[in-house]
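Colleague: Structure file input-v8.tsv, TSV, C-alpha atoms, is pasted below:
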```
chain	number	residue	atom	x	y	z
A	16	MET	CA	3.68	20.69	56.99
A	17	ALA	CA	1.68	20.01	53.83
A	18	THR	CA	4.12	21.85	51.54
A	19	PRO	CA	7.01	19.35	51.88
A	20	PHE	CA	4.58	16.46	51.40
A	21	LEU	CA	3.14	17.99	48.20
A	22	ALA	CA	6.65	18.75	46.94
A	23	GLY	CA	7.62	15.11	47.51
A	24	VAL	CA	4.53	13.84	45.68
A	25	ALA	CA	5.28	16.19	42.77
A	26	VAL	CA	8.89	15.00	42.54
A	27	ALA	CA	7.79	11.34	42.65
A	28	ALA	CA	5.15	11.91	39.97
A	29	THR	CA	7.69	13.70	37.76
A	30	ALA	CA	10.19	10.87	38.20
A	31	LEU	CA	7.59	8.22	37.30
A	32	ALA	CA	6.43	10.20	34.26
A	33	GLY	CA	10.03	10.60	33.12
A	34	ARG	CA	10.69	6.90	33.56
A	35	TYR	CA	7.57	6.04	31.55
A	36	GLY	CA	8.59	8.52	28.84
A	37	ILE	CA	12.07	6.98	28.54
A	38	GLN	CA	10.63	3.46	28.32
A	39	ALA	CA	8.14	4.54	25.67
A	40	TRP	CA	10.89	6.24	23.64
A	41	GLN	CA	13.10	3.14	23.77
A	42	ALA	CA	10.20	0.93	22.68
A	43	PHE	CA	9.47	3.36	19.81
A	44	LYS	CA	13.11	3.28	18.64
A	45	ALA	CA	13.28	-0.53	18.87
A	46	ARG	CA	10.23	-1.20	16.65
A	47	PRO	CA	10.95	-2.42	13.13
A	48	PRO	CA	10.85	0.24	10.42
A	49	ARG	CA	7.82	0.29	8.15
A	50	PRO	CA	8.37	0.82	4.46
A	51	LYS	CA	7.18	4.16	3.15
A	52	ILE	CA	6.39	2.88	-0.31
A	53	LYS	CA	2.95	1.88	-1.45
A	54	LYS	CA	2.24	-1.83	-1.37
A	55	PHE	CA	0.84	-3.43	-4.47
A	56	TYR	CA	-1.54	-6.37	-4.81
A	57	GLU	CA	0.08	-9.58	-3.51
A	58	GLY	CA	-2.51	-12.22	-4.36
A	59	GLY	CA	-2.76	-14.75	-7.13
A	60	PHE	CA	-4.90	-14.06	-10.18
A	61	GLN	CA	-8.48	-15.26	-10.55
A	62	PRO	CA	-9.44	-17.22	-13.71
A	63	THR	CA	-11.66	-14.36	-14.93
A	64	MET	CA	-10.53	-10.92	-13.84
A	65	THR	CA	-13.07	-8.91	-11.90
A	66	LYS	CA	-13.24	-5.14	-11.62
A	67	ARG	CA	-12.10	-5.39	-8.00
A	68	GLU	CA	-9.02	-7.41	-8.93
A	69	ALA	CA	-8.24	-5.02	-11.79
A	70	ALA	CA	-8.43	-2.06	-9.41
A	71	LEU	CA	-6.10	-3.81	-6.96
A	72	ILE	CA	-3.57	-4.57	-9.70
A	73	LEU	CA	-3.54	-0.95	-10.88
A	74	GLY	CA	-3.61	0.45	-7.35
A	75	ILE	CA	-6.76	2.53	-7.83
A	76	ARG	CA	-10.38	2.50	-6.69
A	77	GLU	CA	-13.06	0.67	-8.63
A	78	ASN	CA	-14.92	3.80	-9.72
A	79	VAL	CA	-12.36	6.26	-11.08
A	80	PRO	CA	-12.42	8.22	-14.33
A	81	ALA	CA	-10.74	6.84	-17.45
A	82	GLU	CA	-7.87	9.36	-17.18
A	83	LYS	CA	-6.91	8.00	-13.74
A	84	VAL	CA	-7.05	4.43	-15.06
A	85	LYS	CA	-4.70	5.35	-17.91
A	86	GLU	CA	-2.29	7.15	-15.54
A	87	ALA	CA	-2.22	4.18	-13.16
A	88	HIS	CA	-1.74	1.76	-16.08
A	89	ARG	CA	1.18	3.82	-17.36
A	90	LYS	CA	2.88	3.89	-13.93
A	91	VAL	CA	2.54	0.15	-13.37
A	92	MET	CA	3.58	-0.70	-16.93
A	93	VAL	CA	6.74	1.40	-16.67
A	94	ALA	CA	7.79	-0.74	-13.71
A	95	ASN	CA	6.85	-4.08	-15.33
A	96	HIS	CA	7.34	-3.66	-19.08
A	97	PRO	CA	8.98	-6.67	-20.77
A	98	ASP	CA	11.38	-4.44	-22.73
A	99	ALA	CA	12.74	-3.13	-19.42
A	100	GLY	CA	13.23	-6.56	-17.87
A	101	GLY	CA	9.68	-7.15	-16.69
A	102	SER	CA	7.52	-10.20	-17.12
A	103	HIS	CA	5.35	-10.82	-20.20
A	104	PHE	CA	2.76	-12.47	-17.96
A	105	LEU	CA	2.51	-9.48	-15.61
A	106	ALA	CA	2.37	-7.07	-18.55
A	107	SER	CA	-0.54	-9.02	-20.04
A	108	LYS	CA	-2.35	-8.99	-16.68
A	109	ILE	CA	-1.79	-5.24	-16.32
A	110	ASN	CA	-3.17	-4.66	-19.80
A	111	GLU	CA	-6.12	-6.92	-19.01
A	112	ALA	CA	-6.76	-4.93	-15.81
A	113	LYS	CA	-6.81	-1.70	-17.81
A	114	ASP	CA	-9.26	-3.22	-20.28
A	115	VAL	CA	-11.54	-4.42	-17.47
A	116	MET	CA	-11.50	-1.00	-15.82
A	117	LEU	CA	-12.28	0.75	-19.11
A	118	GLY	CA	-14.98	-1.78	-20.05
A	119	LYS	CA	-13.12	-3.19	-23.06
A	120	THR	CA	-13.02	-6.83	-21.99
A	121	LYS	CA	-12.88	-9.47	-24.67
A	122	GLY	CA	-13.90	-12.26	-22.32
A	123	GLY	CA	-10.92	-14.43	-23.18
A	124	GLY	CA	-8.65	-13.21	-20.43
A	125	SER	CA	-4.88	-13.52	-20.48
A	126	PRO	CA	-3.23	-15.68	-23.16
A	127	PHE	CA	-1.00	-17.19	-20.45
```
Please express the file's structure as structure tokens.

Modeller:
Amino acid sequence: MATPFLAGVAVAATALAGRYGIQAWQAFKARPPRPKIKKFYEGGFQPTMTKREAALILGIRENVPAEKVKEAHRKVMVANHPDAGGSHFLASKINEAKDVMLGKTKGGGSPF
């Protein structure tokens, strides 16, 4: 007597779990795709660049060794160099960020 009842409960539970799984899969497929590339700093520039802003521009942490700063500067400059169609303003800000991170600030900031 109890065996058919338990079998019915098991079948109902399996059907509900399958229905939930199908709905979850359809919701997963319908979500918008997320880009797999790293996002860079999207804000405007401050009048005097801080170490935090410089780290955001270069895509590194605030306390990294000089070699990592130079590597990050090289990567960002390759993408934004004026000779390769990049902006002179962005190149000057990238160079300023490298100087701030390395402690070579002149205090004047960007010429733009």

Colleague: Would you pick out the contacts of A:Ala81 at 10 Å or less, using only C-alpha atoms, so that residues sharing its chain but fewer than 5 positions from it are not included, and give the list as a PyMOL selection string?

Modeller: chain A and resi 86-87+113+116-118

Colleague: Just give me the gap between atom CA of A:Val79 and atom CA of A:Arg49 in Å, one decimal is fine.

Modeller: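 Separation between atom CA of A:Val79 and atom CA of A:Arg49: 28.5 Å.
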
Colleague: Using all atoms listed in the file, which residues sit within 7 Å of A:Ala69 once same-chain residues fewer than 4 positions away are excluded, as a PyMOL selection string?

Modeller: chain A and resi 64-65+73+112+115-116

Colleague: Take atom CA of A:Lys85 and atom CA of A:Ile109 and report the distance between them in Å, one decimal.

Modeller: 11.1 Å

Colleague: As an exercise, work out the distance from atom CA of A:Glu82 to atom CA of A:Leu105 in Å and give it to one decimal place.

Modeller: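 Distance reported for this atom pair: 21.6 Å.
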